[in-house]
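**Student:** What follows is final37.cif, mmCIF, C-alpha atoms and all ligand atoms.
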```
data_model
#
loop_
_atom_site.label_atom_id
_atom_site.label_comp_id
_atom_site.auth_asym_id
_atom_site.auth_seq_id
_atom_site.Cartn_x
_atom_site.Cartn_y
_atom_site.Cartn_z
CA MET A 1 0.00 0.00 0.00
CA THR A 2 2.83 2.35 0.79
CA ALA A 3 4.57 1.32 -2.42
CA ALA A 4 1.46 2.39 -4.29
CA SER A 5 1.63 5.87 -2.87
CA ILE A 6 5.28 6.18 -3.86
CA THR A 7 4.99 4.87 -7.41
CA PRO A 8 1.37 5.11 -8.46
CA GLY A 9 0.20 3.87 -11.81
CA ILE A 10 1.10 1.22 -14.31
CA ARG A 11 4.42 1.50 -16.06
CA LEU A 12 4.86 -0.49 -19.23
CA CYS A 13 8.02 -2.14 -20.47
CA ARG A 14 9.65 0.25 -22.94
CA GLN A 15 9.91 -2.40 -25.61
CA CYS A 16 6.68 -4.36 -25.25
CA VAL A 17 3.57 -3.73 -23.13
CA ASN A 18 4.41 -5.80 -20.07
CA PRO A 19 3.00 -3.93 -17.04
CA SER A 20 4.76 -3.14 -13.78
CA THR A 21 1.65 -4.37 -11.95
CA ARG A 22 2.28 -7.97 -12.96
CA PRO A 23 3.12 -9.84 -9.74
CA ASN A 24 6.89 -10.24 -9.33
CA MET A 25 7.66 -8.13 -12.39
CA VAL A 26 11.09 -6.52 -12.34
CA PHE A 27 12.20 -4.14 -15.11
CA ASP A 28 15.90 -3.55 -15.63
CA ALA A 29 17.59 -0.14 -15.35
CA GLU A 30 16.47 0.72 -18.87
CA GLY A 31 12.85 -0.08 -18.11
CA VAL A 32 12.83 -3.30 -20.10
CA CYS A 33 11.15 -6.52 -18.95
CA PRO A 34 12.80 -9.96 -18.70
CA VAL A 35 10.76 -11.35 -21.60
CA CYS A 36 12.16 -8.75 -24.01
CA ARG A 37 15.70 -9.41 -22.81
CA PHE A 38 15.27 -13.14 -23.27
CA GLU A 39 13.79 -12.64 -26.74
CA GLU A 40 16.68 -10.32 -27.67
CA GLU A 41 19.10 -13.07 -26.74
CA LYS A 42 17.09 -15.47 -28.87
CA ARG A 43 17.15 -13.11 -31.87
CA THR A 44 20.77 -12.12 -31.63
CA GLY A 45 21.83 -15.73 -31.51
CA ILE A 46 23.44 -15.54 -28.07
CA ILE A 47 21.51 -18.66 -27.16
CA ASP A 48 23.46 -21.75 -28.03
CA TRP A 49 20.63 -24.03 -29.13
CA GLN A 50 23.02 -26.88 -29.81
CA ALA A 51 24.20 -26.72 -26.22
CA ARG A 52 20.59 -26.71 -25.03
CA ARG A 53 19.81 -29.66 -27.22
CA ALA A 54 22.79 -31.53 -25.76
CA GLU A 55 21.55 -30.61 -22.27
CA ILE A 56 18.04 -31.94 -22.86
CA GLU A 57 19.45 -35.11 -24.44
CA THR A 58 21.49 -35.62 -21.26
CA ILE A 59 18.39 -35.05 -19.17
CA ALA A 60 16.47 -37.54 -21.32
CA ALA A 61 19.25 -40.11 -20.87
CA TRP A 62 19.06 -39.49 -17.12
CA GLY A 63 15.30 -40.11 -17.27
CA ARG A 64 15.81 -43.41 -19.09
CA ALA A 65 18.50 -44.53 -16.65
CA ASN A 66 16.57 -43.64 -13.51
CA THR A 67 13.02 -44.73 -14.18
CA LYS A 68 11.67 -47.87 -12.53
CA ALA A 69 8.81 -48.04 -15.02
CA SER A 70 8.60 -48.70 -18.73
CA TYR A 71 7.87 -44.98 -19.18
CA ASP A 72 10.95 -42.80 -18.96
CA CYS A 73 9.27 -39.44 -18.37
CA ILE A 74 5.99 -37.83 -17.41
CA VAL A 75 4.59 -35.07 -19.59
CA THR A 76 2.00 -32.88 -17.90
CA VAL A 77 -0.84 -32.20 -20.29
CA SER A 78 -4.23 -30.54 -20.55
CA GLY A 79 -4.84 -31.39 -24.18
CA GLY A 80 -4.13 -27.84 -25.34
CA LYS A 81 -1.57 -26.40 -27.74
CA ASP A 82 1.47 -26.68 -25.46
CA SER A 83 0.58 -30.25 -24.46
CA THR A 84 0.66 -31.42 -28.04
CA LYS A 85 4.02 -29.81 -28.71
CA GLN A 86 5.57 -31.20 -25.53
CA ALA A 87 4.26 -34.73 -25.90
CA LEU A 88 5.35 -35.04 -29.52
CA PHE A 89 8.73 -33.42 -28.82
CA ALA A 90 9.42 -35.88 -25.98
CA ARG A 91 8.40 -38.87 -28.05
CA ASP A 92 9.49 -38.01 -31.59
CA GLU A 93 12.51 -35.76 -31.02
CA LEU A 94 13.92 -37.13 -27.79
CA LYS A 95 12.78 -40.68 -28.60
CA MET A 96 11.29 -41.09 -25.15
CA ASN A 97 8.36 -43.15 -23.95
CA PRO A 98 6.27 -40.61 -22.04
CA LEU A 99 3.33 -41.20 -19.73
CA LEU A 100 0.98 -38.26 -20.15
CA VAL A 101 -0.62 -37.06 -16.92
CA SER A 102 -3.59 -34.74 -16.77
CA CYS A 103 -6.03 -33.42 -14.23
CA VAL A 104 -9.45 -33.31 -15.83
CA TYR A 105 -11.96 -30.60 -15.02
CA PRO A 106 -15.28 -31.66 -13.55
CA PRO A 107 -18.08 -32.13 -16.10
CA GLU A 108 -19.77 -28.85 -15.12
CA GLN A 109 -16.59 -26.95 -16.02
CA LEU A 110 -15.04 -28.94 -18.83
CA HIS A 111 -15.96 -27.67 -22.30
CA GLU A 112 -16.77 -30.34 -24.86
CA ARG A 113 -13.93 -28.95 -26.95
CA GLY A 114 -11.51 -29.71 -24.09
CA ALA A 115 -12.62 -33.32 -23.83
CA GLN A 116 -12.22 -33.70 -27.59
CA ASN A 117 -8.76 -32.15 -27.57
CA LEU A 118 -7.51 -34.45 -24.83
CA ALA A 119 -9.00 -37.43 -26.67
CA ASN A 120 -7.29 -36.22 -29.83
CA LEU A 121 -3.91 -35.98 -28.10
CA ILE A 122 -4.28 -39.49 -26.66
CA SER A 123 -5.24 -40.77 -30.10
CA LEU A 124 -1.87 -39.59 -31.39
CA GLY A 125 -0.56 -42.65 -29.59
CA PHE A 126 -0.03 -42.06 -25.86
CA ASP A 127 -0.80 -43.78 -22.60
CA THR A 128 -2.46 -41.19 -20.40
CA LEU A 129 -3.28 -41.02 -16.74
CA SER A 130 -6.18 -38.65 -16.09
CA ILE A 131 -7.15 -37.83 -12.55
CA GLY A 132 -10.51 -36.28 -11.79
CA LEU A 133 -11.16 -34.81 -8.36
CA ASP A 134 -14.31 -34.61 -6.26
CA PRO A 135 -16.42 -31.92 -7.98
CA GLN A 136 -17.92 -30.67 -4.71
CA VAL A 137 -14.53 -30.09 -3.10
CA TRP A 138 -13.32 -28.59 -6.37
CA LYS A 139 -16.21 -26.15 -6.45
CA THR A 140 -15.92 -25.20 -2.78
CA LEU A 141 -12.20 -24.43 -3.12
CA MET A 142 -12.83 -22.51 -6.31
CA ARG A 143 -15.52 -20.48 -4.61
CA GLN A 144 -13.22 -19.74 -1.69
CA GLY A 145 -10.49 -18.66 -4.09
CA PHE A 146 -12.86 -16.24 -5.74
CA PHE A 147 -14.16 -14.73 -2.51
CA LYS A 148 -10.89 -14.66 -0.56
CA PHE A 149 -8.41 -13.84 -3.33
CA GLY A 150 -10.44 -12.70 -6.35
CA ASN A 151 -8.89 -15.64 -8.21
CA TRP A 152 -10.80 -18.87 -8.52
CA ALA A 153 -7.90 -20.71 -10.14
CA ARG A 154 -5.63 -20.94 -7.09
CA SER A 155 -6.80 -24.39 -6.06
CA THR A 156 -7.13 -25.77 -9.56
CA GLU A 157 -3.58 -24.66 -10.44
CA MET A 158 -2.33 -26.42 -7.33
CA ALA A 159 -3.94 -29.66 -8.48
CA LEU A 160 -2.73 -29.25 -12.07
CA TYR A 161 0.87 -28.86 -10.91
CA ALA A 162 0.89 -31.29 -7.98
CA ILE A 163 -0.82 -34.27 -9.63
CA PRO A 164 2.07 -35.05 -12.03
CA ILE A 165 4.46 -35.07 -9.06
CA HIS A 166 2.26 -37.54 -7.19
CA ALA A 167 2.21 -39.70 -10.32
CA ALA A 168 5.99 -39.45 -10.69
CA ILE A 169 6.50 -40.73 -7.16
CA ALA A 170 3.80 -43.40 -7.33
CA TYR A 171 4.99 -44.85 -10.64
CA LYS A 172 8.69 -44.22 -9.96
CA ILE A 173 9.23 -42.09 -13.05
CA PRO A 174 11.49 -39.32 -11.75
CA LEU A 175 11.67 -37.09 -14.83
CA VAL A 176 8.71 -34.69 -15.13
CA PHE A 177 8.27 -32.26 -18.00
CA TYR A 178 6.24 -29.09 -17.69
CA GLY A 179 5.64 -26.68 -20.55
CA GLU A 180 7.00 -23.19 -20.32
CA ASN A 181 9.01 -21.23 -17.84
CA PRO A 182 6.76 -18.27 -16.97
CA VAL A 183 9.80 -16.05 -16.39
CA LEU A 184 10.60 -16.33 -20.07
CA THR A 185 7.15 -16.06 -21.58
CA ILE A 186 5.34 -13.52 -19.43
CA GLY A 187 8.09 -12.32 -17.12
CA GLU A 188 6.64 -13.57 -13.86
CA ARG A 189 9.71 -14.03 -11.74
CA HIS A 190 9.42 -16.87 -9.28
CA GLY A 191 11.89 -19.29 -10.73
CA ARG A 192 15.21 -19.53 -12.42
CA VAL A 193 15.73 -18.26 -15.93
CA ASP A 194 16.38 -21.72 -17.31
CA GLY A 195 14.77 -25.11 -17.75
CA ASP A 196 14.66 -26.06 -14.05
CA ALA A 197 11.05 -26.22 -12.85
CA SER A 198 11.74 -27.44 -9.33
CA ARG A 199 10.82 -24.07 -7.84
CA LEU A 200 7.42 -24.10 -9.49
CA LYS A 201 5.61 -24.51 -6.21
CA LEU A 202 6.85 -21.11 -5.08
CA GLY A 203 4.74 -19.50 -7.80
CA ASN A 204 2.59 -16.50 -7.02
CA THR A 205 -0.74 -18.26 -6.90
CA ILE A 206 0.16 -21.76 -5.78
CA HIS A 207 2.64 -20.98 -3.03
CA GLY A 208 1.59 -22.32 0.34
CA GLY A 209 -0.94 -24.91 -0.78
CA PRO A 210 -4.72 -24.86 -0.44
CA GLU A 211 -5.02 -24.45 3.35
CA PRO A 212 -6.05 -20.77 3.15
CA LEU A 213 -9.01 -21.95 1.07
CA PHE A 214 -10.24 -24.46 3.63
CA THR A 215 -13.70 -23.83 4.91
CA ASP A 216 -16.31 -25.78 6.84
CA GLY A 217 -16.05 -29.41 5.97
CA ILE A 218 -12.93 -29.26 3.80
CA THR A 219 -9.79 -30.66 5.35
CA HIS A 220 -6.52 -32.32 4.37
CA PHE A 221 -8.56 -35.48 4.09
CA ASP A 222 -10.29 -34.08 0.98
CA THR A 223 -7.36 -32.37 -0.67
CA HIS A 224 -4.53 -34.88 -1.13
CA PHE A 225 -3.91 -33.98 -4.77
CA TYR A 226 -3.99 -30.23 -4.15
CA PHE A 227 -0.81 -30.53 -2.10
CA TYR A 228 2.63 -31.27 -3.41
CA PRO A 229 4.01 -34.41 -1.82
CA PRO A 230 6.23 -33.65 1.21
CA ASP A 231 9.70 -32.33 0.35
CA GLU A 232 11.36 -35.43 1.81
CA ASP A 233 9.33 -37.69 -0.50
CA MET A 234 10.23 -35.53 -3.47
CA GLU A 235 13.90 -35.66 -2.51
CA ALA A 236 13.83 -39.41 -1.88
CA ALA A 237 12.31 -39.90 -5.33
CA GLN A 238 15.12 -37.75 -6.79
CA LEU A 239 12.73 -35.98 -9.07
CA ARG A 240 13.83 -33.71 -11.86
CA MET A 241 11.27 -31.18 -13.01
CA ILE A 242 12.04 -29.54 -16.30
CA TYR A 243 10.45 -26.84 -18.45
CA LEU A 244 10.59 -28.44 -21.86
CA GLY A 245 9.80 -25.14 -23.62
CA TYR A 246 13.24 -23.85 -22.65
CA TYR A 247 14.85 -26.43 -24.92
CA ILE A 248 12.61 -26.02 -27.96
CA PRO A 249 13.75 -23.26 -30.35
CA ASP A 250 10.33 -22.76 -31.96
CA TRP A 251 8.41 -22.73 -28.69
CA SER A 252 5.84 -19.92 -28.58
CA GLY A 253 2.09 -19.64 -28.20
CA HIS A 254 1.63 -19.13 -31.90
CA GLN A 255 3.99 -21.78 -33.14
CA ASN A 256 2.68 -24.32 -30.64
CA ALA A 257 -0.89 -23.53 -31.69
CA GLU A 258 -0.08 -23.91 -35.37
CA PHE A 259 1.63 -27.22 -34.66
CA ALA A 260 -1.23 -28.49 -32.48
CA ILE A 261 -3.95 -27.38 -34.92
CA ALA A 262 -2.14 -29.34 -37.64
CA HIS A 263 -2.42 -32.31 -35.28
CA GLY A 264 -6.14 -31.86 -34.66
CA LEU A 265 -6.50 -29.23 -31.91
CA GLN A 266 -9.82 -27.40 -31.91
CA ILE A 267 -9.79 -23.75 -30.86
CA ARG A 268 -12.34 -21.08 -29.87
CA SER A 269 -14.35 -19.36 -32.55
CA GLU A 270 -15.80 -16.51 -30.45
CA PRO A 271 -14.43 -13.02 -31.24
CA PRO A 272 -11.97 -11.17 -28.94
CA GLU A 273 -14.58 -8.62 -27.87
CA MET A 274 -16.39 -11.53 -26.19
CA THR A 275 -13.39 -13.43 -24.88
CA GLY A 276 -10.56 -10.96 -24.24
CA ASP A 277 -8.45 -13.37 -26.27
CA LEU A 278 -7.01 -12.34 -29.65
CA TRP A 279 -6.49 -15.73 -31.19
CA GLY A 280 -8.68 -18.23 -29.37
CA PHE A 281 -6.09 -20.92 -28.82
CA SER A 282 -5.33 -20.44 -25.11
CA GLY A 283 -6.95 -22.51 -22.37
CA VAL A 284 -9.64 -23.82 -24.68
CA ASP A 285 -10.74 -26.68 -22.43
CA GLU A 286 -13.06 -24.53 -20.30
CA ASP A 287 -14.56 -21.03 -20.28
CA PHE A 288 -14.23 -19.90 -16.66
CA ARG A 289 -10.68 -18.80 -17.38
CA LEU A 290 -12.14 -15.95 -19.42
CA VAL A 291 -13.80 -14.73 -16.23
CA ASN A 292 -10.53 -15.09 -14.35
CA GLN A 293 -8.61 -13.10 -16.95
CA MET A 294 -11.16 -10.32 -16.53
CA LEU A 295 -10.68 -10.48 -12.75
CA LYS A 296 -6.93 -10.21 -13.33
CA TYR A 297 -7.63 -7.11 -15.40
CA ILE A 298 -9.69 -5.57 -12.61
CA LYS A 299 -6.94 -6.35 -10.10
CA TYR A 300 -3.80 -5.51 -12.00
CA GLY A 301 -4.95 -3.56 -15.03
CA PHE A 302 -3.95 -6.18 -17.56
CA GLY A 303 -5.41 -9.39 -18.90
CA HIS A 304 -4.69 -12.09 -21.42
CA VAL A 305 -4.48 -9.78 -24.44
CA THR A 306 -1.48 -8.12 -22.79
CA ASP A 307 0.22 -11.50 -22.46
CA GLN A 308 -0.50 -12.26 -26.10
CA VAL A 309 0.71 -8.88 -27.30
CA VAL A 310 3.96 -9.17 -25.30
CA GLU A 311 4.68 -12.35 -27.18
CA ALA A 312 3.53 -11.01 -30.56
CA ILE A 313 5.67 -7.86 -30.36
CA ASN A 314 8.70 -9.95 -29.51
CA ALA A 315 7.92 -12.34 -32.35
CA GLY A 316 7.89 -9.40 -34.78
CA MET A 317 4.20 -9.94 -35.53
CA MET A 318 3.21 -6.39 -34.61
CA THR A 319 4.67 -3.07 -33.54
CA ARG A 320 4.39 -1.80 -30.00
CA GLU A 321 1.84 0.76 -31.19
CA GLU A 322 -0.33 -1.86 -32.85
CA GLY A 323 -0.06 -3.97 -29.72
CA LEU A 324 -1.15 -1.08 -27.51
CA GLU A 325 -4.19 -0.57 -29.74
CA LEU A 326 -5.22 -4.21 -29.32
CA VAL A 327 -4.68 -4.04 -25.57
CA LYS A 328 -6.87 -0.93 -25.34
CA LYS A 329 -9.57 -2.51 -27.47
CA TYR A 330 -9.79 -6.05 -26.12
CA ASP A 331 -7.93 -6.55 -22.87
CA GLY A 332 -10.16 -7.56 -19.97
CA LYS A 333 -13.17 -8.25 -22.17
CA CYS A 334 -15.44 -11.04 -21.03
CA ASP A 335 -18.96 -11.50 -22.31
CA ARG A 336 -21.71 -11.40 -19.72
CA SER A 337 -22.78 -14.88 -20.79
CA TYR A 338 -19.52 -16.32 -19.39
CA VAL A 339 -20.03 -14.48 -16.12
CA ALA A 340 -23.61 -15.77 -15.94
CA GLN A 341 -22.44 -19.32 -16.58
CA TYR A 342 -19.76 -18.99 -13.90
CA CYS A 343 -22.25 -17.59 -11.36
CA ARG A 344 -24.66 -20.42 -12.07
CA TYR A 345 -21.87 -22.90 -11.44
CA LEU A 346 -20.87 -21.34 -8.13
CA GLY A 347 -24.48 -20.74 -7.14
CA ILE A 348 -24.05 -17.00 -6.58
CA HIS A 349 -25.94 -13.97 -7.86
CA GLU A 350 -24.32 -11.88 -10.53
CA ALA A 351 -24.66 -8.85 -8.27
CA THR A 352 -22.56 -10.67 -5.69
CA PHE A 353 -20.02 -11.53 -8.34
CA TRP A 354 -19.60 -7.89 -9.36
CA GLU A 355 -19.46 -6.72 -5.77
CA ILE A 356 -16.61 -9.14 -5.01
CA ALA A 357 -14.85 -8.41 -8.29
CA GLU A 358 -15.03 -4.69 -7.58
CA SER A 359 -13.60 -5.17 -4.09
CA TYR A 360 -10.41 -6.45 -5.71
CA ARG A 361 -9.96 -3.49 -8.03
CA GLY A 362 -6.27 -2.57 -7.89
CA ARG A 363 -5.70 0.94 -6.61
CA ASP A 364 -2.30 1.00 -8.35
CA ALA A 365 -3.83 0.11 -11.64
CA TRP A 366 -7.00 2.21 -11.71
CA LYS A 367 -8.14 5.76 -11.06
CA LYS A 368 -11.52 7.47 -11.14
CA ASP A 369 -12.28 9.80 -14.03
CA ASP A 370 -14.29 13.03 -13.79
CA ARG A 371 -17.57 11.18 -14.14
CA GLY A 372 -16.71 8.62 -11.47
CA GLY A 373 -15.87 5.77 -13.86
CA TRP A 374 -12.71 3.72 -13.59
CA GLN A 375 -9.83 4.48 -15.95
CA LEU A 376 -6.55 2.64 -16.23
CA ASN A 377 -3.97 4.56 -14.26
CA LEU A 378 -1.09 4.63 -16.70
CA ALA A 379 1.96 6.29 -15.19
CA GLU A 380 3.39 9.32 -16.97
CA SER A 381 4.69 8.36 -20.44
CA ALA A 382 3.70 4.74 -19.91
CA ASP A 383 2.20 4.39 -23.35
CA ARG A 384 4.95 6.19 -25.23
CA THR A 385 8.01 4.51 -26.59
ZN ZN A 401 9.09 -6.18 -22.52
#
```
As C-alpha cells, please, write out the structure in this file.
**Tutor:**
Amino acid sequence: MTAASITPGIRLCRQCVNPSTRPNMVFDAEGVCPVCRFEEEKRTGIIDWQARRAEIETIAAWGRANTKASYDCIVTVSGGKDSTKQALFARDELKMNPLLVSCVYPPEQLHERGAQNLANLISLGFDTLSIGLDPQVWKTLMRQGFFKFGNWARSTEMALYAIPIHAAIAYKIPLVFYGENPVLTIGERHGRVDGDASRLKLGNTIHGGPEPLFTDGITHFDTHFYFYPPDEDMEAAQLRMIYLGYYIPDWSGHQNAEFAIAHGLQIRSEPPEMTGDLWGFSGVDEDFRLVNQMLKYIKYGFGHVTDQVVEAINAGMMTREEGLELVKKYDGKCDRSYVAQYCRYLGIHEATFWEIAESYRGRDAWKKDDRGGWQLNLAESADRT
C-alpha cells in the first residue's frame, strides 16, 4: 500500500507492453522486462541451441536410466496447444516413452472442446493417466479462491501442478516435464531463468498450498492432490522437473498452436470482444478462465491480451503501437454470458459476483475519471516509446 503511494500507476516495459503491476515483475535499469531481454538473446543468436539440445538429451538419458517403469518421463498435459508440442517433442525428437498425466476438469466446467482435444492428443498414440477430483470439493475451493483472493484458479492450479508429481512418485518415473518457464514467456519471476522447474511450487498463486481456502467441511482429508508431496518424499524420489519449452527453439504460443492445430487441436471461434483473447487458442478446455482473466484485469490492469501482445511484439508480428491498440480494445473483455455461466456454477448472484470483483480493483492500476468511472492509471509516459 505504501509502495502504491510512492509509485502510483502502471508503467509499461519500454519495448513491449508488459505492465509493472504484474506480480513479481522486475524491469531492468532501462525499463525493459525480462521477456524482451530473453527474446533479444534469442534473436541475436546468443543462445546456443546446440548446447541446449545436448543438455536436454542428457536429461532424457538421465530419465531413461533412472526410471523404474517402462515410461521414462511424465509429460503434464491438458490437451491444449502446449501439451501437443511437448508430448510429440518428448516422443518423436527425444525418442522417449512418455506417460501423459492430466487433471481433468469436472463435467460442469469442462468444455466439450476440451474433452475432444484431450481425446485427440491421446489418439496420437499415448498412454495417459487422467485424474478427476471430487467436484464438490473442487467447487468449494474454487468459490473460496474467488471470494478470498479474487482468483478462482488458485486451487485448480495447485492440483494441475501437484498431480504429475504424485504420479511421478507413485509410478517411480522421476523425470517430469512441464511446458513453459513463466519467467521467459510472461516475465513472472518466481523461478530460475532456465529449464529447471523445481521451484514451481513457489509461484505467485500456488505458493503455500490450499489451506487458506479451507472452509467448513474441507480438510486435508479431501485435498490430497492439491498438495505437493512432502519435500522429503520428493527428494527421496530424486525428481527432476524440467520446463521443456526452454529447450525447444520454436516454442511460442503461436507456433505451438499452429503445430497443435495441424495435429487436430480445436480452438475457440468466439471473437476477442467476447473473450478478451485475440487468437482463441489459449486454455480452450473450459470457459471460466475468461472470467478469471477479466478479474486479473480488474486487479492488476492487464489481462490475457497483454500476455498475447507481449509475445507477438517480440515475435515481430506487430509493432508496440499496434499492440497497444489491441490491448486498449480487447484486454479484460469477457462477455456477460460467461459471467452468468460462472455464477450459475458457483451458485451465486451476478450482483454478488460484481461486488466481489469490484472489491479487488487494484488501486495502483486504476483511477476514477471526472464522471466517477474507472480508468486505467497509466503512469506518466507509460504508453509512449
Ligand atoms: Zn518487454
**Student:** I'd like the contact shell of Val75 in chain A - 7 Å cut-off, only C-alpha atoms, skipping same-chain residues fewer than 4 positions apart - returned as an mmCIF file with C-alpha atoms, in the coordinates of the input.
**Tutor:**
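File written: selection33.cif
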```cif
data_model
loop_
_atom_site.group_PDB
_atom_site.id
_atom_site.type_symbol
_atom_site.label_atom_id
_atom_site.label_comp_id
_atom_site.auth_asym_id
_atom_site.auth_seq_id
_atom_site.Cartn_x
_atom_site.Cartn_y
_atom_site.Cartn_z
ATOM 1 C CA ALA A 87 4.260 -34.730 -25.900
ATOM 2 C CA PRO A 98 6.270 -40.610 -22.040
ATOM 3 C CA LEU A 99 3.330 -41.200 -19.730
ATOM 4 C CA LEU A 100 0.980 -38.260 -20.150
ATOM 5 C CA VAL A 101 -0.620 -37.060 -16.920
ATOM 6 C CA VAL A 176 8.710 -34.690 -15.130
ATOM 7 C CA PHE A 177 8.270 -32.260 -18.000
ATOM 8 C CA TYR A 178 6.240 -29.090 -17.690
#
```
**Student:** Would you pick out the contacts of range 350-367 of chain A at 7 Å or less, using only C-alpha atoms, so that residues sharing its chain but fewer than 3 positions from it are not included, and give the list as a list of chain:residue names?
**Tutor:**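 So, after excluding close chain neighbours, the residues are A:Ala4, A:Pro8, A:Gly9, A:Ile10, A:Phe147, A:Gly150, A:Leu295, A:Ile298, A:Lys299, A:Tyr300, A:Gly301, A:Ala340, A:Cys343, A:Trp374, A:Gln375, A:Leu376, A:Asn377.
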**Student:** Hey, which residues sit close to ligand ZN 401 (chain A)? Say within 8 Å, counting all atoms listed in the file, and write them as a list in words.
**Tutor:**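 If we count all atoms listed in the file, the neighbours of ligand ZN 401 (chain A) turn out to be Leu12, Cys13, Arg14, Gln15, Cys16, Val17, Asn18, Val32, Cys33, Pro34, Val35, Cys36, Arg37, Val310 and Asn314 of chain A.
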**Student:** Write the residues of the preceding selection, restricted to C-alpha atoms, as a short mmCIF file (atom, residue, chain, number, x, y, z; two decimals), in the frame of the given file.
**Tutor:**
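Final file, selection-v1.cif:
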```cif
data_model
loop_
_atom_site.label_atom_id
_atom_site.label_comp_id
_atom_site.auth_asym_id
_atom_site.auth_seq_id
_atom_site.Cartn_x
_atom_site.Cartn_y
_atom_site.Cartn_z
CA LEU A 12 4.86 -0.49 -19.23
CA CYS A 13 8.02 -2.14 -20.47
CA ARG A 14 9.65 0.25 -22.94
CA GLN A 15 9.91 -2.40 -25.61
CA CYS A 16 6.68 -4.36 -25.25
CA VAL A 17 3.57 -3.73 -23.13
CA ASN A 18 4.41 -5.80 -20.07
CA VAL A 32 12.83 -3.30 -20.10
CA CYS A 33 11.15 -6.52 -18.95
CA PRO A 34 12.80 -9.96 -18.70
CA VAL A 35 10.76 -11.35 -21.60
CA CYS A 36 12.16 -8.75 -24.01
CA ARG A 37 15.70 -9.41 -22.81
CA VAL A 310 3.96 -9.17 -25.30
CA ASN A 314 8.70 -9.95 -29.51
#
```
**Student:** For Glu211 in chain A, list every protein, DNA or RNA residue within 10 Å, evaluated using all atoms listed in the file, and leave out those in the same chain fewer than 5 positions away; present the list as a ChimeraX atom specification.
**Tutor:** /A:141,155,218-220,223,226-227
**Student:** Mind running range 100-140 of chain A against range 261-266 of chain A at 12 Å and telling me each contacting residue's nearest atom pair with the distance in Å (one decimal), counting only C-alpha atoms, chain and number ascending, as a Markdown table?
**Tutor:**
```
| residue | atom | partner | partner_atom | distance |
| --- | --- | --- | --- | --- |
| A:His111 | CA | A:Gln266 | CA | 11.4 |
| A:Glu112 | CA | A:Gln266 | CA | 10.3 |
| A:Arg113 | CA | A:Gln266 | CA | 6.6 |
| A:Gly114 | CA | A:Gln266 | CA | 8.3 |
| A:Ala115 | CA | A:Gln266 | CA | 10.4 |
| A:Gln116 | CA | A:Gln266 | CA | 8.0 |
| A:Asn117 | CA | A:Leu265 | CA | 5.7 |
| A:Leu118 | CA | A:Leu265 | CA | 8.9 |
| A:Ala119 | CA | A:Leu265 | CA | 10.0 |
| A:Asn120 | CA | A:Gly264 | CA | 6.6 |
| A:Leu121 | CA | A:Gly264 | CA | 8.1 |
| A:Ile122 | CA | A:Gly264 | CA | 11.2 |
| A:Ser123 | CA | A:Gly264 | CA | 10.0 |
| A:Leu124 | CA | A:His263 | CA | 8.3 |
| A:Gly125 | CA | A:His263 | CA | 11.9 |
```
**Student:** Any idea what's packed within 9 Å of range 275-289 of chain A, counting all atoms listed in the file, ignoring anything in its chain fewer than 2 positions away? Could you give it as a ChimeraX atom specification?
**Tutor:** /A:78-81,105,109-118,152-153,253-254,257,265-273,291-294,303-305,308-309,326,330-335,338-339,341-342
**Student:** What is the CA of Gly316 in chain A to CA of Pro249 in chain A distance in Å?
**Tutor:** 15.7 Å
**Student:** Quick one: residues within 7 Å of Arg11 in chain A, all atoms listed in the file, excluding same-chain residues fewer than 5 positions away - as a PyMOL selection string?
**Tutor:** chain A and resi 19-20+378-379+382
**Student:** What is the distance, in Å and to one decimal place, between CA of Ala167 in chain A and CA of Met142 in chain A?
**Tutor:**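 We find that CA of Ala167 in chain A and CA of Met142 in chain A lie 23.2 Å from each other.
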**Student:** Here's a test: counting all atoms listed in the file, identify every protein, DNA and RNA residue with an atom at most 7 Å from (7.6, -22.9, -19.2) in the file's coordinate frame, and state them as number ranges by chain.
**Tutor:** A: 178-182, 243-246
**Student:** Generate a file of the selected residues that holds C-alpha atoms, formatted as a tab-separated table (two decimals), keeping the file's coordinate frame.
**Tutor:**
```
chain	number	residue	atom	x	y	z
A	178	TYR	CA	6.24	-29.09	-17.69
A	179	GLY	CA	5.64	-26.68	-20.55
A	180	GLU	CA	7.00	-23.19	-20.32
A	181	ASN	CA	9.01	-21.23	-17.84
A	182	PRO	CA	6.76	-18.27	-16.97
A	243	TYR	CA	10.45	-26.84	-18.45
A	244	LEU	CA	10.59	-28.44	-21.86
A	245	GLY	CA	9.80	-25.14	-23.62
A	246	TYR	CA	13.24	-23.85	-22.65
```
**Student:** Taking into account all atoms listed in the file, which residue in the set A:Leu324, A:Ala168, A:Ile163, A:Val137 is nearest to Leu346 in chain A?
**Tutor:**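 Between A:Leu324, A:Ala168, A:Ile163, A:Val137, the residue approaching Leu346 in chain A most closely is A:Val137.
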